[in-house]
Amino acid sequence: MLFRPLDSRAFCSYTSHMFSPSWQRLAPYLILIGGLVWIFASRADPSQTTASPPVAQAGFRAPDFSLRTAEGEIITLSELKGRPILINFWASWCPPCRAEMPAFERAYQAWQDQGFLILAINATQQDSVDQALAFAQEYGLSFPLLFDADGQVYRNYQVRSLPTSFFVDPQGVIREVVVGGPISEALLHVRVEQLLKSPFLERP
Amino acid sequence: MLPVLQIGPLALQTPGLALLLGLWLGLTLAEKNAYRRGIHPDVLYNLVFLALIAAAIGARLLYVLRYPGAFIASPVSLISLNPGLLDPLGAAVAGGLAALAFIQRKKLPGWPLLDALTPLLSVVMLALGFSHLASGVAFGAPTNLPWAIDLWGASRHPSQVYEILAAALILAWVWPSRSRWQNATPGVVFLIFLAGSAAARLFLEAWRGDSLILFAGLRSAQIAAWLALAGSLWALHKLRLHPTAVENHLTAQ
């Protein structure tokens, strides 16, 4: 027998000196009625629960940025609405960044025709453009490499560790932040497929 | 907020560390006081360890069953340490079933066991608050109060601090060596912990900025907390009036 109360006398004597018997009977009902009133009184104001400011945190709109690629093209995040995006901060000297790049390339090859995009933002203040380009060539990366020369985007995204990845849905909302790496390929697979199911997806 | 502690090449995830520390401290406290409930500390340790192992395996297994394609493409991900590849439902079911099997096999008494586990649960609740504080999740609603904190682009209620304070109060209330619990009816300490935690969540959810809304602004966590509060008060009431009533009800299920 799993539940075997032994002796209730101690508990009865413990509570009985605090309240009169009638109060003891009433107290649970009063607490529960009070709870229901509180649930109703503290109903959420939509403006308080809508994550409106752009912040680098899951559930919030991804902060906008414009960065230059190796080819000189400027890519602006807000112009990519309708596409699921993986924003990845990396540096060529960072071993886990190196370890996860082949999986990113495979994912990009598999889903780019459905609109999936990877924006690999090089932490250029901690790296060099030459080494970053050599790295990209070594791994045969075909997705856009962006160079954050002044570190502004790195700071806006509050990156504390490399690599850090942000999964952004077609509405521009961050769905998950993965700090550190290498990212698991299965997790990458699942998250991209989830983002591709968004009703706001715009196929290229 | 300090979600990552960078020590050289190591990026330590502070929310996870807080939870691990809470688990260790809570288990130590529970083990030290297990004898007061008539439970051998080693039995308690084995139960928790088994449940955690089963929960981890169950969580990964259910995740694999839900997304088999991802693991066929990358079989090595089966043993990935990434917590994103765990399913909470799988953890709860596998951990619960393993714990139940262990309890049945060892013929452990249910209520004293739950009382013996209460220090662990209380410390883990406290650690969960610190984990939320470190990561910045479970954040508060915007406010202009003097004790608001700047977080995620707004001045907000320090909901994680409220959570820590409530958990600390509950832990102090159910502290195992308190004299008032020495001769308490088995089950009372656990039910008071459950009722206190549910009441705290019901009350404090009002200042959260990330509540899941059911309809008409009603917060799902408050509804769940109210139900848990009602259940624990009912069980407390039954235990107080008729010590065997809850036992009979549960064994009749």
# chains A, B, ... in the order shown; residues from 1 in each chain; ligands from 1
$ residues_around --residues "region 224-239 of chain B" --least-positions-apart "6" --cutoff "6 Å" --atoms "only C-alpha atoms" --output "list in words"
Leu191, Ala195, Ala198 and Leu202 of chain B
$ select_by_dssp --residues "region 27-136 of chain A" --states "helix (DSSP H, G or I)" --output "PDB file with C-alpha atoms, in the first residue's frame"
ATOM      1  CA  ALA A  27     -10.303  28.709   4.996  1.00  0.00           C
ATOM      2  CA  PRO A  28      -9.744  26.411   1.964  1.00  0.00           C
ATOM      3  CA  TYR A  29     -12.923  27.681   0.290  1.00  0.00           C
ATOM      4  CA  LEU A  30     -11.966  31.303   0.964  1.00  0.00           C
ATOM      5  CA  ILE A  31      -8.476  30.719  -0.443  1.00  0.00           C
ATOM      6  CA  LEU A  32      -9.858  29.107  -3.598  1.00  0.00           C
ATOM      7  CA  ILE A  33     -12.498  31.797  -4.139  1.00  0.00           C
ATOM      8  CA  GLY A  34      -9.783  34.425  -3.586  1.00  0.00           C
ATOM      9  CA  GLY A  35      -7.662  32.606  -6.172  1.00  0.00           C
ATOM     10  CA  LEU A  36     -10.439  32.714  -8.754  1.00  0.00           C
ATOM     11  CA  VAL A  37     -10.990  36.438  -8.117  1.00  0.00           C
ATOM     12  CA  TRP A  38      -7.238  37.024  -8.502  1.00  0.00           C
ATOM     13  CA  ILE A  39      -7.122  35.079 -11.799  1.00  0.00           C
ATOM     14  CA  PHE A  40      -9.914  37.266 -13.136  1.00  0.00           C
ATOM     15  CA  ALA A  41      -8.493  40.521 -11.722  1.00  0.00           C
ATOM     16  CA  PRO A  46      -2.208  42.246 -24.446  1.00  0.00           C
ATOM     17  CA  SER A  47       0.251  45.148 -24.526  1.00  0.00           C
ATOM     18  CA  GLN A  48       2.124  43.609 -21.577  1.00  0.00           C
ATOM     19  CA  THR A  49       2.483  40.138 -22.993  1.00  0.00           C
ATOM     20  CA  LEU A  77      17.563  41.647 -42.178  1.00  0.00           C
ATOM     21  CA  SER A  78      14.222  43.476 -42.312  1.00  0.00           C
ATOM     22  CA  GLU A  79      14.142  43.049 -46.102  1.00  0.00           C
ATOM     23  CA  LEU A  80      14.142  39.266 -45.698  1.00  0.00           C
ATOM     24  CA  PRO A  95      36.955  25.373 -33.094  1.00  0.00           C
ATOM     25  CA  PRO A  96      33.198  24.779 -32.496  1.00  0.00           C
ATOM     26  CA  CYS A  97      32.428  27.298 -35.279  1.00  0.00           C
ATOM     27  CA  ARG A  98      34.605  25.252 -37.595  1.00  0.00           C
ATOM     28  CA  ALA A  99      32.955  22.036 -36.437  1.00  0.00           C
ATOM     29  CA  GLU A 100      29.398  23.163 -37.157  1.00  0.00           C
ATOM     30  CA  MET A 101      29.909  24.868 -40.537  1.00  0.00           C
ATOM     31  CA  PRO A 102      29.711  21.671 -42.663  1.00  0.00           C
ATOM     32  CA  ALA A 103      26.287  20.907 -41.109  1.00  0.00           C
ATOM     33  CA  PHE A 104      25.159  24.473 -41.908  1.00  0.00           C
ATOM     34  CA  GLU A 105      26.281  24.060 -45.512  1.00  0.00           C
ATOM     35  CA  ARG A 106      24.378  20.766 -45.844  1.00  0.00           C
ATOM     36  CA  ALA A 107      21.242  22.352 -44.353  1.00  0.00           C
ATOM     37  CA  TYR A 108      21.525  25.345 -46.679  1.00  0.00           C
ATOM     38  CA  GLN A 109      21.882  23.066 -49.691  1.00  0.00           C
ATOM     39  CA  ALA A 110      18.879  21.007 -48.579  1.00  0.00           C
ATOM     40  CA  TRP A 111      16.431  23.830 -47.889  1.00  0.00           C
ATOM     41  CA  GLN A 112      17.550  26.988 -49.696  1.00  0.00           C
ATOM     42  CA  ASP A 113      15.080  26.329 -52.503  1.00  0.00           C
ATOM     43  CA  GLN A 114      12.293  26.566 -49.892  1.00  0.00           C
ATOM     44  CA  THR A 124      35.433  40.702 -37.572  1.00  0.00           C
ATOM     45  CA  GLN A 125      36.674  42.689 -34.579  1.00  0.00           C
ATOM     46  CA  GLN A 126      38.055  39.416 -33.204  1.00  0.00           C
ATOM     47  CA  VAL A 129      38.642  39.289 -43.251  1.00  0.00           C
ATOM     48  CA  ASP A 130      41.425  37.340 -44.977  1.00  0.00           C
ATOM     49  CA  GLN A 131      41.299  34.471 -42.509  1.00  0.00           C
ATOM     50  CA  ALA A 132      37.503  34.442 -42.628  1.00  0.00           C
ATOM     51  CA  LEU A 133      37.522  34.222 -46.436  1.00  0.00           C
ATOM     52  CA  ALA A 134      40.148  31.461 -46.373  1.00  0.00           C
ATOM     53  CA  PHE A 135      37.956  29.605 -43.868  1.00  0.00           C
ATOM     54  CA  ALA A 136      34.894  29.943 -46.117  1.00  0.00           C
TER      55      ALA A 136
END
$ interface_residues --of "chain B" --to "chain A" --cutoff "6 Å" --atoms "only C-alpha atoms" --output "PDB file with N, CA and C atoms, in the first residue's frame"
ATOM      1  N   ALA B  70      15.203  13.463 -38.610  1.00  0.00           N
ATOM      2  CA  ALA B  70      16.380  14.246 -38.220  1.00  0.00           C
ATOM      3  C   ALA B  70      17.487  13.326 -37.716  1.00  0.00           C
ATOM      4  N   PHE B  71      17.104  12.233 -37.046  1.00  0.00           N
ATOM      5  CA  PHE B  71      18.117  11.343 -36.477  1.00  0.00           C
ATOM      6  C   PHE B  71      18.579  10.300 -37.485  1.00  0.00           C
ATOM      7  N   SER B  74      21.189  12.171 -39.150  1.00  0.00           N
ATOM      8  CA  SER B  74      22.361  12.404 -38.303  1.00  0.00           C
ATOM      9  C   SER B  74      22.295  11.505 -37.069  1.00  0.00           C
ATOM     10  N   SER B  77      23.573  12.370 -33.534  1.00  0.00           N
ATOM     11  CA  SER B  77      22.807  13.290 -32.678  1.00  0.00           C
ATOM     12  C   SER B  77      22.054  12.555 -31.571  1.00  0.00           C
ATOM     13  N   PRO B 109       6.744   3.439   1.611  1.00  0.00           N
ATOM     14  CA  PRO B 109       5.497   4.112   1.972  1.00  0.00           C
ATOM     15  C   PRO B 109       5.383   5.458   1.239  1.00  0.00           C
ATOM     16  N   GLY B 110       4.256   5.685   0.562  1.00  0.00           N
ATOM     17  CA  GLY B 110       4.102   6.855  -0.315  1.00  0.00           C
ATOM     18  C   GLY B 110       4.230   8.206   0.365  1.00  0.00           C
ATOM     19  N   TRP B 111       3.404   8.443   1.391  1.00  0.00           N
ATOM     20  CA  TRP B 111       3.418   9.777   2.012  1.00  0.00           C
ATOM     21  C   TRP B 111       4.746  10.117   2.677  1.00  0.00           C
ATOM     22  N   ALA B 141       6.416  41.689 -16.531  1.00  0.00           N
ATOM     23  CA  ALA B 141       5.694  42.651 -17.373  1.00  0.00           C
ATOM     24  C   ALA B 141       6.328  44.033 -17.202  1.00  0.00           C
ATOM     25  N   TRP B 152      15.426  43.071 -21.576  1.00  0.00           N
ATOM     26  CA  TRP B 152      14.825  42.860 -22.895  1.00  0.00           C
ATOM     27  C   TRP B 152      14.101  44.118 -23.376  1.00  0.00           C
ATOM     28  N   ASN B 183       6.291  15.453  14.381  1.00  0.00           N
ATOM     29  CA  ASN B 183       5.243  14.441  14.540  1.00  0.00           C
ATOM     30  C   ASN B 183       4.073  14.675  13.586  1.00  0.00           C
ATOM     31  N   ALA B 184       4.353  15.380  12.515  1.00  0.00           N
ATOM     32  CA  ALA B 184       3.258  15.699  11.582  1.00  0.00           C
ATOM     33  C   ALA B 184       2.770  14.442  10.880  1.00  0.00           C
ATOM     34  N   THR B 185       1.500  14.453  10.517  1.00  0.00           N
ATOM     35  CA  THR B 185       0.934  13.339   9.749  1.00  0.00           C
ATOM     36  C   THR B 185       1.714  13.196   8.444  1.00  0.00           C
ATOM     37  N   PRO B 186       2.110  11.988   8.075  1.00  0.00           N
ATOM     38  CA  PRO B 186       2.813  11.813   6.798  1.00  0.00           C
ATOM     39  C   PRO B 186       1.998  12.389   5.637  1.00  0.00           C
ATOM     40  N   ALA B 206       0.725  37.050 -12.126  1.00  0.00           N
ATOM     41  CA  ALA B 206       0.087  38.310 -12.532  1.00  0.00           C
ATOM     42  C   ALA B 206       1.102  39.337 -13.031  1.00  0.00           C
ATOM     43  N   GLY B 209       5.548  38.789 -17.866  1.00  0.00           N
ATOM     44  CA  GLY B 209       5.365  39.388 -19.185  1.00  0.00           C
ATOM     45  C   GLY B 209       5.360  38.365 -20.292  1.00  0.00           C
ATOM     46  N   ASP B 210       5.445  37.088 -19.946  1.00  0.00           N
ATOM     47  CA  ASP B 210       5.531  36.057 -20.983  1.00  0.00           C
ATOM     48  C   ASP B 210       4.473  34.977 -20.787  1.00  0.00           C
ATOM     49  N   GLY B 217      -7.675  36.861 -21.957  1.00  0.00           N
ATOM     50  CA  GLY B 217      -6.612  37.342 -21.067  1.00  0.00           C
ATOM     51  C   GLY B 217      -6.301  36.427 -19.905  1.00  0.00           C
ATOM     52  N   LEU B 218      -6.954  35.262 -19.828  1.00  0.00           N
ATOM     53  CA  LEU B 218      -6.688  34.345 -18.707  1.00  0.00           C
ATOM     54  C   LEU B 218      -5.363  33.618 -18.927  1.00  0.00           C
ATOM     55  N   PRO B 243      -7.439  10.519   8.427  1.00  0.00           N
ATOM     56  CA  PRO B 243      -6.101  10.185   7.924  1.00  0.00           C
ATOM     57  C   PRO B 243      -6.074   9.089   6.875  1.00  0.00           C
ATOM     58  N   GLU B 247      -5.733   7.949   1.419  1.00  0.00           N
ATOM     59  CA  GLU B 247      -5.119   6.647   1.085  1.00  0.00           C
ATOM     60  C   GLU B 247      -6.133   5.761   0.377  1.00  0.00           C
TER      61      GLU B 247
END
$ residues_around --residues "region 124-137 of chain B" --least-positions-apart "6" --cutoff "6 Å" --atoms "only C-alpha atoms" --output "NGL selection string"
:B and (1-3 or 15 or 18-19 or 22-23 or 160 or 163-164 or 167)
